[in-house]
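Only one structure is covered here, and it is reproduced in the block below.
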Amino acid sequence: MNGQELSASITNALADVVKHADELRDLDAALGDGDLGITVSLGAKAVIEALAELPDTANPVEIARTCAAAFADANPSTMAALVAGGLLAGSRLWADKTDVTVADAAAFVTSAAENIGKRGRSQVGDKTILDSLMPAAQALGESPDSGVALDAAIAAAEKGVQDTVSMQSRRGRASWLQERSIGLQDPGATLLWYFLRSWKTSN
Amino acid sequence: MRKIINDPDRFVDEMIEGIVLAHPEKVRLASTDPRVLVRTDAPVKGKVGIVTGGGSGHLPLFKGYVGAGLCSGVAIGNVFSSPSSRQCFEATKAVDGGAGVLYLFGNYGGDVLNFGLAADLAEFDDIETRTVLGRDDVASQPKERSADRRGVAGIFFAFKGAGAAAERGDSLEEVATVAEDIIENTATMGIGLSPTILPTTAKPSFELPDGEMEIGIGIHGEPGIHRGPLETADQIVDRLLPPLIADLSLSSGDSVAVLVNGLGATPLEELYLLYRRVHQLLSEQNISIEKRYIGEYATSLEMAGASLSLLKLNDARKALLDAPADSPFFKEA
C-alpha cells in the first residue's frame with residue numbers, strides 16, 4: 001500500500017466509524033465521562049481534513065504523523081493523546097518506506113499498543129483499548145497472507161472486546177466505579193474493533 | 001459568585017492578554033495561539049530551553065515563572081485543566097535554541113500525557129527533550145511512593161534552580177539533573193480553609209464547613225489527610241512541619257530554604273505568623289534557614305489556606321537559588 005492508498009483507506013474508514021459515535025458515547029458515559037463520542041467524531045473530521053491537505057506524494061510516515069497531530073488537536077482528551085502517541089510511535093518504524101505491507105502494519109500496531117500501554121501505564125486485562133488492540137496486533141503479525149490478515153485482526157479485536165465485559169476497570173475514570181464496572185463493555189476497546197471493521201467494509 | 005470577570009469562557013484568554021499587555025518587555029505570545037507564552041528573548045541560541053505548563057488558576061505558578069533565570073516558555077490550559085499537546089509543542093519550538101528543551105511541570109495525568117505527546121512531536125523535529133515532574137506534596141503519597149506524589153508549590157525551587165543552570169550554560173542532561181535533584185530534596189504540605197469557585201461552573205471545588213480546616217489539601221482541592229476544627233497558626237505549623245522534616249531526613253546542622261505560600265485568599269500577615277513558628281521550630285532543632293520566600297507562589301484562585309515547603313540545601317543548590325532571576329511575578333529580593 002503506497003501513501004495515496006493508505007491515505008484513502010484511512011479517510012474511508014474514519015468516515016464510516018463516526019457512524020458509531022453515539023454508541024461509543026453511551027458506552028463511555030456508563031463507564032467514564034462520555035466524551036469518547038466527541039473525541040471520535042471531532043478527531044475523525046480533523047484527520048480527514050488534514051489528510052486532504054497533504055500532497056499526493058506524501059509517504060506513509062508523513063500520513064501517520066499528520067493523523068496523530070490532527071487527532072490530538074481536535075479534542076484534547078486522554079484517549080486522543082494516547083492514540084496520537086501510539087500513531088507517532090508506530091510511524092517511527094516506517095521511517096523511509098514508500099510502501100507498507102501487512103508486516104509493516106503489524107509492527108506499527110504493536111509499537112502503537114506498547115506506547116499506549118507505557119504512557120497510559122496499563123496492560124491487557126485493565127479493561128482499556130489495549131484489550132482489543134494487542135490481540136489485533138498479534139493477529140496481524142501472525143497472518144502472512146494479506147488477504148486474511150484484516151479478518152484475523154477483526155476477529156481478535158472482537159474477542160478482546162467481549163472479554164472486557166467481565167473485567168473490572170483498572171485505569172482512568174472508569175476505575176473509580178470499581179466492581180460496578182463489571183458487566184459493561186469497554187468503549188476504547190470497542191472503538192478499535194469498530195475502526196478495523198470500518199476499514200474492511202469501506203475499502 | 002463574587003468574581004471580577006467578563007465572560008467565564010474567555011477568562012483564561014483575557015487574563016493572558018492582560019499579562020502580555022502589562023509586561024511587553026518581558027513576555028510575548030509564541031504564535032497566534034493565545035495560550036503559549038515565552039520570554040521575549042526566546043529562543044536563546046545554544047542554551048537549554050525550559051518549558052512548563054499546566055492548568056490556569058494557580059498564578060503565579062507556571063506563567064509567572066517565565067523570565068530571566070527561570071523558565072523560557074509556558075503552555076497554558078483552562079482553569080485546573082491541562083494545556084493541549086499542540087500548545088506544549090508550540091512552546092517547545094519557540095524556546096528551542098538548539099541545546100534541547102527541559103519539560104518541568106507538575107505530576108498530573110493530563111499534563112503528563114500532553115507533554116509526553118509534545119515530546120514525541122518534538123523528536124520528529126529533532127528537538128531533544130527531557131521531562132522532570134514536580135512531585136513534592138508529601139500528603140499525597142508516602143515516601144516509598146514519592147514518584148506518584150502531586151506537584152504543588154515546591155516546584156518553584158526547581159524552576160529557580162533549573163533556570164539558573166540553563167542560564168549558566170549547562171547541558172540539557174545537566175539542567176534535568178539539577179531539576180531532579182531539587183525535587184528529590186523538596187517537600188511540601190498544605191492546609192485549606194475554604195474552597196475556590198471555578199469561573200466556568202460557578203461552583204465550589206470542594207465542600208468544607210466554615211470553621212474547619214483540611215490538612216494536606218492539593219492545589220485543586222484534592223482531599224488531604226486530616227480534617228478538623230480550625231486551629232491556631234502555631235498549631236497548624238506544628239502539624240505541617242514535622243512531616244517535612246521527617247521526609248527530608250533533616251537533622252541538627254542541616255540548612256534549608258523555606259517557602260510559605262498563600263493559596264490565594266490568605267493575607268500575607270497570616271503567612272508571616274506561619275513563618276514565625278517555622279523559624280522558631282527549625283532554630284530549636286539547629287536547622288538553619290538560608291533562604292526564605294513568603295508570599296503567593298502557587299495559588300488556587302481564591303482558596304484560603306497556605307502551604308509550607310522546605311528544600312534541603314547544599315552548596316550547589318544554595319548557589320542556584322542565589323543566582324539572579326526576574327519575571328513579571330518574581331523578583332529576587
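Going by the C-alpha cells order, chains are called A, B, ..., each with residues numbered from 1, while ligands are numbered from 1 in the order shown.
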Test item: chain B residues at most 8 Å from chain A, counting only C-alpha atoms, as a PDB file with N, CA, C and O atoms, in the first residue's frame:
ATOM      1  N   SER B  84      -3.117  21.649  25.735  1.00  0.00           N
ATOM      2  CA  SER B  84      -3.107  20.589  24.726  1.00  0.00           C
ATOM      3  C   SER B  84      -1.670  20.264  24.331  1.00  0.00           C
ATOM      4  O   SER B  84      -0.750  21.049  24.558  1.00  0.00           O
ATOM      5  N   SER B  85      -1.499  19.104  23.715  1.00  0.00           N
ATOM      6  CA  SER B  85      -0.152  18.720  23.273  1.00  0.00           C
ATOM      7  C   SER B  85       0.355  19.702  22.219  1.00  0.00           C
ATOM      8  O   SER B  85       1.544  19.993  22.148  1.00  0.00           O
ATOM      9  N   ARG B  86      -0.554  20.226  21.412  1.00  0.00           N
ATOM     10  CA  ARG B  86      -0.160  21.218  20.400  1.00  0.00           C
ATOM     11  C   ARG B  86       0.444  22.451  21.072  1.00  0.00           C
ATOM     12  O   ARG B  86       1.467  22.974  20.630  1.00  0.00           O
ATOM     13  N   GLY B 110      -3.281  14.614  32.944  1.00  0.00           N
ATOM     14  CA  GLY B 110      -3.442  15.276  31.658  1.00  0.00           C
ATOM     15  C   GLY B 110      -2.175  15.978  31.200  1.00  0.00           C
ATOM     16  O   GLY B 110      -1.820  15.958  30.015  1.00  0.00           O
ATOM     17  N   LEU B 113       0.378  13.368  29.999  1.00  0.00           N
ATOM     18  CA  LEU B 113       0.008  12.856  28.669  1.00  0.00           C
ATOM     19  C   LEU B 113       0.334  13.858  27.570  1.00  0.00           C
ATOM     20  O   LEU B 113       0.929  13.519  26.546  1.00  0.00           O
ATOM     21  N   ASN B 114      -0.085  15.092  27.780  1.00  0.00           N
ATOM     22  CA  ASN B 114       0.070  16.071  26.703  1.00  0.00           C
ATOM     23  C   ASN B 114       1.513  16.501  26.499  1.00  0.00           C
ATOM     24  O   ASN B 114       1.951  16.697  25.363  1.00  0.00           O
ATOM     25  N   GLY B 116       3.951  14.504  27.140  1.00  0.00           N
ATOM     26  CA  GLY B 116       4.541  13.299  26.558  1.00  0.00           C
ATOM     27  C   GLY B 116       4.374  13.266  25.052  1.00  0.00           C
ATOM     28  O   GLY B 116       5.298  12.951  24.301  1.00  0.00           O
ATOM     29  N   LEU B 117       3.179  13.633  24.625  1.00  0.00           N
ATOM     30  CA  LEU B 117       2.909  13.665  23.191  1.00  0.00           C
ATOM     31  C   LEU B 117       3.710  14.783  22.516  1.00  0.00           C
ATOM     32  O   LEU B 117       4.246  14.611  21.411  1.00  0.00           O
ATOM     33  N   ASP B 120       7.071  13.601  21.780  1.00  0.00           N
ATOM     34  CA  ASP B 120       7.110  12.777  20.569  1.00  0.00           C
ATOM     35  C   ASP B 120       7.137  13.655  19.323  1.00  0.00           C
ATOM     36  O   ASP B 120       7.885  13.390  18.368  1.00  0.00           O
ATOM     37  N   LEU B 121       6.310  14.694  19.321  1.00  0.00           N
ATOM     38  CA  LEU B 121       6.274  15.607  18.169  1.00  0.00           C
ATOM     39  C   LEU B 121       7.622  16.320  18.020  1.00  0.00           C
ATOM     40  O   LEU B 121       8.131  16.482  16.909  1.00  0.00           O
TER      41      LEU B 121
END
For range 194-198 of chain A, please output as an NGL selection string all residues within 12 Å (counting only C-alpha atoms; exclusion window: fewer than 5 positions along the same chain). :A and (9-21 or 23-24 or 40 or 44 or 109 or 129 or 132-133 or 136-137 or 140 or 149-158 or 161 or 187-189 or 203)
What's around Pro144 in chain A at 10 Å? Count only C-alpha atoms, leave out sequence neighbours fewer than 4 positions away in its own chain, and write the answer as a PyMOL selection string. chain A and resi 101-103+139-140+148-149
Per DSSP on the backbone, what are the strand (DSSP E) residues of range 25-85 of chain B, as number ranges by chain? B: 27-29, 36-39, 49-56, 73-79
Selection file, C-alpha atoms, as an mmCIF file, in the first residue's frame:
data_model
loop_
_atom_site.group_PDB
_atom_site.id
_atom_site.type_symbol
_atom_site.label_atom_id
_atom_site.label_comp_id
_atom_site.auth_asym_id
_atom_site.auth_seq_id
_atom_site.Cartn_x
_atom_site.Cartn_y
_atom_site.Cartn_z
ATOM 1 C CA VAL B 27 6.913 38.117 27.744
ATOM 2 C CA ARG B 28 5.194 37.634 24.405
ATOM 3 C CA LEU B 29 2.896 35.132 22.718
ATOM 4 C CA VAL B 36 1.562 29.868 24.629
ATOM 5 C CA LEU B 37 3.711 32.453 26.357
ATOM 6 C CA VAL B 38 7.505 32.782 26.062
ATOM 7 C CA ARG B 39 10.276 35.103 27.209
ATOM 8 C CA GLY B 49 15.058 25.994 26.990
ATOM 9 C CA ILE B 50 12.711 25.195 29.860
ATOM 10 C CA VAL B 51 9.017 24.750 29.158
ATOM 11 C CA THR B 52 6.473 24.466 31.916
ATOM 12 C CA GLY B 53 2.712 24.334 31.821
ATOM 13 C CA GLY B 54 -0.492 23.239 33.401
ATOM 14 C CA GLY B 55 -3.924 24.470 34.205
ATOM 15 C CA SER B 56 -4.788 28.092 34.877
ATOM 16 C CA GLY B 73 8.052 29.305 27.966
ATOM 17 C CA VAL B 74 4.723 28.036 29.196
ATOM 18 C CA ALA B 75 1.720 26.205 27.752
ATOM 19 C CA ILE B 76 -1.459 27.276 29.473
ATOM 20 C CA GLY B 77 -4.613 25.228 29.935
ATOM 21 C CA ASN B 78 -8.090 26.165 31.096
ATOM 22 C CA VAL B 79 -8.703 26.571 34.805
#
Write down as a VMD selection string the residues of range 131-320 of chain B whose backbone DSSP state falls under alpha helix (DSSP H). chain B and resid 155 to 167 172 to 184 233 to 247 268 to 284 315 to 320
Shortest contact to Glu214 in chain B, candidates B:Val48, B:Ala68, B:Val132, B:Leu230, atoms counted only C-alpha atoms, goes to B:Leu230
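In this structure, CA of Leu313 in chain B sits 28.5 Å away from CA of His220 in chain B.
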